[in-house]
There are 2 protein chains.
Amino acid sequence: MTRVTTSKKAALPSERRAHLIQLAGDLFAEKGFRATTVREIADAAGILSGSLYHHFDSKESIGDEILSAFLDDVLTGYRAAVADSEDARGAIERIVRSSAETLKRHRAALAMLENDWNYFSGQPRFAYLRKAMKEIERTWVQQLERGKETGQFRADLDARLTYRLLRDILWIPTFWRQGRGAGWSSDQISDGLLRLLFDGITAP
Amino acid sequence: MTRVTTSKKAALPSERRAHLIQLAGDLFAEKGFRATTVREIADAAGILSGSLYHHFDSKESIGDEILSAFLDDVLTGYRAAVADSEDARGAIERIVRSSAETLKRHRAALAMLENDWNYFSGQPRFAYLRKAMKEIERTWVQQLERGKETGQFRADLDARLTYRLLRDILWIPTFWRQGRGAGWSSDQISDGLLRLLFDGITAP
DNA sequence: ACGCACCGAGCAAGCGATTGGGCAACCAGG
DNA sequence: CCTGGTTGCCCAATCGCTTGCTCGGTGCGT
């Protein structure tokens, strides 16, 4: 008497289901994906752990939805940033602001990538992670190179190294928000970073 | 002569023991502290899990040694950096280079702090973590403020925000080295960051 | 009467930790 | 050379507990 339902229940969009993802994401953001147990997720929702499996077929599928939704948003924003800008500096600025905006809505996904990257990226199911990260890198590097060619940026800039420095400096602050009180707004962070980027910290 | 064996075997420096810490550290760096099991550590060493307890009295004590050794190195480097420099810019530069150098030797400790900060910082045993992090922050902020006062750095610089950005941007790259082939040397990272810091990316 | 959302109980696997004992290499005194 | 004790290192086994997950059943709204 095997249930022959249409393979995955993952596709059904339910109110309750979305709420559960939200709750799970909050826990993932605080403790990491692997360190969070299904029982803790269930407790937060006020149900028993087994009941989660009415909505999801595994713990991983919850993580899957959170991560893929995040990367979709990031890439959409980046593509728009590049398309809408006229020069390299404008593109970089749009990318930065788009990132800060997107990251604000996906704290959980970022924490999961930070904490459990090795876990996810090793699994075939999450192969899209590597693919998305490559497009993100390509976008940054292309705009930095473009700026070098047009003389807008320093010619001796190492585009790939600069990308890594910039991406991390941009992604990490989202992480802070959770704990300490001394929170900065995403606009503050964007402005601070852009200022640092274009002017450095040295007095004029 | 104070070698009265504090009833802890933790003090005995053995060849084998150091090797085990090395192996455990590699695993912690890849998977995080909590996610790594004592059985995996033992497997990597070619022994059974119980045999580890001949060398260490707990899994935590392994982490303890790795973390405290790391923080000792960091703080030693920072104190020397501040003492040996004449102005704020020189101090920041020395701090950056000292960090890059120290972090290179303590990948495992850094990964543990990134992944399991909440776990460690909650325990009384690891209270020294918070203390050390406070000294690290104080060192950075003091030098940034000093630079503002002497007019070397922009007066509108948010010292604490800048510290967070800089520390993270500096600490994270150590993380990459593990996987990808396109690794940068710690000098490259230092130079790239310092250049970014002082000059920004804009062409002169 | 039907199905959704959930309960209640439990499974196999794996977890960290600990104990007791075995094995080889050493060093002393005979 | 032999002996007996000590020490360093490890195995085998197990305890109490947590993990992700399963599955038959139940209350309830429609």
# chains A, B, ... in the order shown; residues from 1 in each chain; ligands from 1
$ interface_residues --of "chain A" --to "chain B" --cutoff "10 Å" --atoms "only C-alpha atoms" --output "VMD selection string"
chain A and resid 30 to 32 34 to 35 89 111 114 to 119 144 147 to 148 151 to 158 160 to 162 164 to 173 176 182 to 184 188 to 189 192 to 204
$ write_last_selection --atoms "C-alpha atoms" --output "short mmCIF file (atom, residue, chain, number, x, y, z; two decimals), in the first residue's frame"
data_model
loop_
_atom_site.label_atom_id
_atom_site.label_comp_id
_atom_site.auth_asym_id
_atom_site.auth_seq_id
_atom_site.Cartn_x
_atom_site.Cartn_y
_atom_site.Cartn_z
CA GLU A 30 21.56 30.99 15.33
CA LYS A 31 23.06 27.56 15.64
CA GLY A 32 23.90 26.42 12.15
CA ARG A 34 23.78 20.66 11.37
CA ALA A 35 23.73 21.76 14.98
CA ARG A 89 31.68 52.02 -10.54
CA ALA A 111 24.57 31.57 8.28
CA GLU A 114 29.06 30.13 6.61
CA ASN A 115 28.69 27.31 9.08
CA ASP A 116 28.00 24.30 6.95
CA TRP A 117 29.45 25.06 3.54
CA ASN A 118 31.54 21.93 3.54
CA TYR A 119 28.56 19.83 4.46
CA LEU A 144 36.16 45.06 -11.55
CA GLY A 147 36.65 49.33 -14.30
CA LYS A 148 40.32 48.64 -14.75
CA GLY A 151 40.65 53.54 -16.10
CA GLN A 152 38.08 53.95 -13.37
CA PHE A 153 39.84 51.56 -10.99
CA ARG A 154 43.52 51.06 -10.25
CA ALA A 155 45.23 49.11 -12.99
CA ASP A 156 47.16 46.98 -10.51
CA LEU A 157 44.02 45.70 -8.83
CA ASP A 158 43.85 41.93 -8.41
CA ARG A 160 39.78 37.99 -7.95
CA LEU A 161 41.45 38.82 -4.66
CA THR A 162 39.53 42.05 -4.40
CA ARG A 164 36.96 37.79 -2.23
CA LEU A 165 37.78 40.61 0.15
CA LEU A 166 34.74 42.61 -0.88
CA ARG A 167 32.26 39.78 -0.90
CA ASP A 168 33.23 38.69 2.57
CA ILE A 169 33.31 42.16 3.98
CA LEU A 170 29.82 42.58 2.62
CA TRP A 171 28.36 39.25 3.62
CA ILE A 172 29.70 38.95 7.09
CA PRO A 173 28.00 41.94 8.72
CA TRP A 176 26.28 40.23 13.40
CA ALA A 182 25.16 47.70 18.65
CA GLY A 183 23.50 46.88 15.35
CA TRP A 184 24.15 48.83 12.21
CA GLN A 188 25.07 52.12 7.26
CA ILE A 189 27.01 49.06 6.27
CA GLY A 192 30.61 52.42 5.23
CA LEU A 193 31.80 49.80 2.82
CA LEU A 194 31.40 51.94 -0.29
CA ARG A 195 33.24 54.78 1.40
CA LEU A 196 36.02 52.42 2.37
CA LEU A 197 36.02 50.99 -1.11
CA PHE A 198 36.31 54.17 -3.06
CA ASP A 199 38.23 56.34 -0.65
CA GLY A 200 40.04 54.10 1.82
CA ILE A 201 40.43 55.12 5.43
CA THR A 202 43.16 57.67 4.94
CA ALA A 203 42.40 61.32 5.49
CA PRO A 204 42.30 63.36 2.30
#
$ calpha_fit_rmsd --fixed "chain B" --moving "chain A"
2.9 Å
$ residues_around --residues "DA12 of chain C" --least-positions-apart "2" --cutoff "12 Å" --atoms "only C-alpha atoms (C1' of nucleotides)" --output "list in words"
DG10 and DG14 of chain C; DT19, DG20, DC21 and DT22 of chain D
$ residues_around --residues "DC17 of chain D" --least-positions-apart "3" --cutoff "12 Å" --atoms "only C-alpha atoms (C1' of nucleotides)" --output "mmCIF file with C-alpha atoms (C1' of nucleotides), in the first residue's frame"
data_model
loop_
_atom_site.group_PDB
_atom_site.id
_atom_site.type_symbol
_atom_site.label_atom_id
_atom_site.label_comp_id
_atom_site.auth_asym_id
_atom_site.auth_seq_id
_atom_site.Cartn_x
_atom_site.Cartn_y
_atom_site.Cartn_z
ATOM 1 C "C1'" DG C 14 25.391 7.128 16.184
ATOM 2 C "C1'" DC C 15 27.054 10.129 19.937
ATOM 3 C "C1'" DG C 16 30.673 11.282 23.950
ATOM 4 C "C1'" DA C 17 32.537 9.208 27.641
#
$ residues_around --residues "segment 93-98 of chain B" --least-positions-apart "3" --cutoff "10 Å" --atoms "only C-alpha atoms (C1' of nucleotides)" --output "PyMOL selection string"
chain B and resi 73-82+84-85+88-90+101-103+139-140+143+166-167+170-171+186-187+189-191+193-194+197-198
$ atom_distance --atom1 "atom CA of Ala18 of chain A" --atom2 "atom CA of Leu113 of chain A"
20.5 Å
$ interface_residues --of "chain C" --to "chain A" --cutoff "10 Å" --atoms "only C-alpha atoms (C1' of nucleotides)" --output "PyMOL selection string"
chain C and resi 4-8
$ write_last_selection --atoms "N, CA and C atoms (P, O5', C5', C4', C3', O3' and C1' of nucleotides)" --output "PDB file, in the first residue's frame"
ATOM      1  P    DC C   4      -5.112  16.047   1.775  1.00  0.00           P
ATOM      2  O5'  DC C   4      -4.582  17.221   2.704  1.00  0.00           O
ATOM      3  C5'  DC C   4      -5.439  18.301   3.028  1.00  0.00           C
ATOM      4  C4'  DC C   4      -5.382  18.607   4.512  1.00  0.00           C
ATOM      5  C3'  DC C   4      -3.971  18.726   5.073  1.00  0.00           C
ATOM      6  O3'  DC C   4      -3.778  20.063   5.493  1.00  0.00           O
ATOM      7  C1'  DC C   4      -5.401  17.453   6.519  1.00  0.00           C
ATOM      8  P    DA C   5      -2.296  20.633   5.759  1.00  0.00           P
ATOM      9  O5'  DA C   5      -2.098  20.383   7.326  1.00  0.00           O
ATOM     10  C5'  DA C   5      -2.957  21.054   8.228  1.00  0.00           C
ATOM     11  C4'  DA C   5      -2.784  20.465   9.614  1.00  0.00           C
ATOM     12  C3'  DA C   5      -1.325  20.381  10.081  1.00  0.00           C
ATOM     13  O3'  DA C   5      -1.191  21.087  11.303  1.00  0.00           O
ATOM     14  C1'  DA C   5      -2.471  18.328  10.458  1.00  0.00           C
ATOM     15  P    DC C   6       0.229  21.197  12.002  1.00  0.00           P
ATOM     16  O5'  DC C   6       0.216  19.993  13.026  1.00  0.00           O
ATOM     17  C5'  DC C   6      -0.744  19.992  14.069  1.00  0.00           C
ATOM     18  C4'  DC C   6      -0.876  18.610  14.657  1.00  0.00           C
ATOM     19  C3'  DC C   6       0.348  18.076  15.381  1.00  0.00           C
ATOM     20  O3'  DC C   6       0.237  18.355  16.773  1.00  0.00           O
ATOM     21  C1'  DC C   6      -0.864  16.376  14.182  1.00  0.00           C
ATOM     22  P    DC C   7       1.368  17.921  17.767  1.00  0.00           P
ATOM     23  O5'  DC C   7       0.875  16.487  18.245  1.00  0.00           O
ATOM     24  C5'  DC C   7      -0.455  16.331  18.705  1.00  0.00           C
ATOM     25  C4'  DC C   7      -0.717  14.880  19.060  1.00  0.00           C
ATOM     26  C3'  DC C   7       0.286  14.275  20.041  1.00  0.00           C
ATOM     27  O3'  DC C   7      -0.429  13.581  21.041  1.00  0.00           O
ATOM     28  C1'  DC C   7       0.126  12.920  18.101  1.00  0.00           C
ATOM     29  P    DG C   8       0.188  13.440  22.483  1.00  0.00           P
ATOM     30  O5'  DG C   8       0.726  11.945  22.394  1.00  0.00           O
ATOM     31  C5'  DG C   8      -0.167  10.934  21.973  1.00  0.00           C
ATOM     32  C4'  DG C   8       0.581   9.638  21.812  1.00  0.00           C
ATOM     33  C3'  DG C   8       1.762   9.465  22.769  1.00  0.00           C
ATOM     34  O3'  DG C   8       1.636   8.197  23.391  1.00  0.00           O
ATOM     35  C1'  DG C   8       2.471   9.136  20.517  1.00  0.00           C
TER      36       DG C   8
END
$ select_by_dssp --residues "segment 13-166 of chain B" --states "helix (DSSP H, G or I)" --output "ChimeraX atom specification"
/B:15-31,38-45,49-54,59-84,88-105,107-121,124-149,159-166
$ interface_residues --of "chain D" --to "chain B" --cutoff "10 Å" --atoms "only C-alpha atoms (C1' of nucleotides)" --output "list in words"
DG8, DC9, DC10, DC11 and DA12 of chain D
$ write_last_selection --atoms "N, CA and C atoms (P, O5', C5', C4', C3', O3' and C1' of nucleotides)" --output "compact mmCIF listing (two decimals), in the first residue's frame"
# COMPACT_ATOMS: atom_id res chain seq x y z
P DG D 8 54.59 7.29 31.39
O5' DG D 8 54.35 6.77 29.90
C5' DG D 8 55.48 6.59 29.05
C4' DG D 8 55.03 5.98 27.73
C3' DG D 8 53.84 6.70 27.10
O3' DG D 8 54.04 6.77 25.69
C1' DG D 8 53.28 4.43 27.49
P DC D 9 53.02 7.59 24.75
O5' DC D 9 52.05 6.46 24.19
C5' DC D 9 52.60 5.41 23.39
C4' DC D 9 51.55 4.37 23.18
C3' DC D 9 50.21 4.87 22.66
O3' DC D 9 50.08 4.48 21.30
C1' DC D 9 49.97 3.14 24.29
P DC D 10 48.84 4.97 20.44
O5' DC D 10 47.80 3.81 20.65
C5' DC D 10 48.10 2.51 20.15
C4' DC D 10 47.19 1.50 20.77
C3' DC D 10 45.70 1.66 20.45
O3' DC D 10 45.37 0.79 19.36
C1' DC D 10 46.11 0.97 22.73
P DC D 11 43.88 0.72 18.83
O5' DC D 11 43.26 -0.52 19.62
C5' DC D 11 43.97 -1.74 19.67
C4' DC D 11 43.19 -2.78 20.47
C3' DC D 11 41.72 -2.93 20.04
O3' DC D 11 41.39 -4.30 20.02
C1' DC D 11 41.84 -2.37 22.35
P DA D 12 40.16 -4.83 19.21
O5' DA D 12 39.14 -5.15 20.38
C5' DA D 12 39.59 -5.89 21.50
C4' DA D 12 38.50 -5.94 22.56
C3' DA D 12 37.07 -5.96 22.00
O3' DA D 12 36.35 -6.97 22.68
C1' DA D 12 37.32 -4.16 23.54
$ atom_distance --atom1 "atom CA of Asp64 of chain A" --atom2 "atom CA of Glu40 of chain B"
26.5 Å
$ closest_residue --among "D:DA13, D:DC28, D:DC23, D:DT3" --to "DC11 of chain C" --atoms "only C-alpha atoms (C1' of nucleotides)"
D:DC23
$ atom_distance --atom1 "atom CA of Leu67 of chain A" --atom2 "atom CA of Glu15 of chain A"
19.2 Å
$ decode --residues "segment 88-116 of chain B" --atoms "N, CA and C atoms" --output "CSV table (one decimal), in the first residue's frame"
chain,number,residue,atom,x,y,z
B,88,ALA,N,49.8,55.5,14.0
B,88,ALA,CA,48.6,54.6,13.9
B,88,ALA,C,48.7,53.8,12.6
B,89,ARG,N,49.0,54.4,11.6
B,89,ARG,CA,49.1,53.7,10.3
B,89,ARG,C,50.1,52.6,10.3
B,90,GLY,N,51.2,52.8,11.0
B,90,GLY,CA,52.2,51.7,11.1
B,90,GLY,C,51.7,50.6,12.0
B,91,ALA,N,50.9,51.0,13.0
B,91,ALA,CA,50.4,50.0,13.9
B,91,ALA,C,49.4,49.1,13.2
B,92,ILE,N,48.5,49.8,12.5
B,92,ILE,CA,47.5,49.0,11.7
B,92,ILE,C,48.1,48.1,10.7
B,93,GLU,N,49.2,48.6,10.1
B,93,GLU,CA,49.8,47.7,9.1
B,93,GLU,C,50.5,46.5,9.8
B,94,ARG,N,51.1,46.8,10.9
B,94,ARG,CA,51.7,45.6,11.6
B,94,ARG,C,50.7,44.7,12.1
B,95,ILE,N,49.6,45.2,12.6
B,95,ILE,CA,48.5,44.3,13.1
B,95,ILE,C,48.0,43.4,12.0
B,96,VAL,N,47.8,44.0,10.8
B,96,VAL,CA,47.3,43.3,9.7
B,96,VAL,C,48.3,42.2,9.3
B,97,ARG,N,49.5,42.5,9.2
B,97,ARG,CA,50.5,41.5,8.8
B,97,ARG,C,50.7,40.4,9.9
B,98,SER,N,50.7,40.8,11.1
B,98,SER,CA,50.8,39.9,12.2
B,98,SER,C,49.6,38.9,12.2
B,99,SER,N,48.4,39.5,11.9
B,99,SER,CA,47.2,38.6,11.9
B,99,SER,C,47.4,37.6,10.8
B,100,ALA,N,47.7,38.0,9.6
B,100,ALA,CA,47.8,37.1,8.5
B,100,ALA,C,48.8,36.0,8.7
B,101,GLU,N,49.8,36.4,9.4
B,101,GLU,CA,50.9,35.4,9.7
B,101,GLU,C,50.4,34.4,10.7
B,102,THR,N,49.8,34.9,11.8
B,102,THR,CA,49.3,34.0,12.8
B,102,THR,C,48.2,33.1,12.4
B,103,LEU,N,47.3,33.7,11.6
B,103,LEU,CA,46.1,32.9,11.2
B,103,LEU,C,46.5,31.8,10.3
B,104,LYS,N,47.6,32.0,9.5
B,104,LYS,CA,48.0,30.9,8.7
B,104,LYS,C,48.4,29.7,9.4
B,105,ARG,N,48.9,29.9,10.6
B,105,ARG,CA,49.3,28.7,11.4
B,105,ARG,C,48.2,28.1,12.3
B,106,HIS,N,47.0,28.8,12.3
B,106,HIS,CA,46.0,28.3,13.2
B,106,HIS,C,44.6,28.2,12.5
B,107,ARG,N,44.7,27.6,11.3
B,107,ARG,CA,43.4,27.5,10.6
B,107,ARG,C,42.3,26.8,11.4
B,108,ALA,N,42.7,25.8,12.1
B,108,ALA,CA,41.7,25.0,12.9
B,108,ALA,C,41.0,25.9,13.9
B,109,ALA,N,41.8,26.6,14.7
B,109,ALA,CA,41.3,27.5,15.7
B,109,ALA,C,40.3,28.5,15.2
B,110,LEU,N,40.6,29.1,14.0
B,110,LEU,CA,39.7,30.0,13.4
B,110,LEU,C,38.4,29.4,13.0
B,111,ALA,N,38.5,28.3,12.4
B,111,ALA,CA,37.3,27.6,11.9
B,111,ALA,C,36.4,27.2,13.1
B,112,MET,N,37.1,26.9,14.2
B,112,MET,CA,36.3,26.5,15.4
B,112,MET,C,35.6,27.8,16.0
B,113,LEU,N,36.3,28.9,15.9
B,113,LEU,CA,35.6,30.1,16.4
B,113,LEU,C,34.5,30.5,15.5
B,114,GLU,N,34.7,30.4,14.2
B,114,GLU,CA,33.6,30.7,13.3
B,114,GLU,C,32.4,29.9,13.5
B,115,ASN,N,32.7,28.6,13.5
B,115,ASN,CA,31.6,27.6,13.5
B,115,ASN,C,30.9,27.5,14.9
B,116,ASP,N,31.7,27.4,15.9
B,116,ASP,CA,31.1,27.0,17.2
B,116,ASP,C,31.3,28.1,18.3
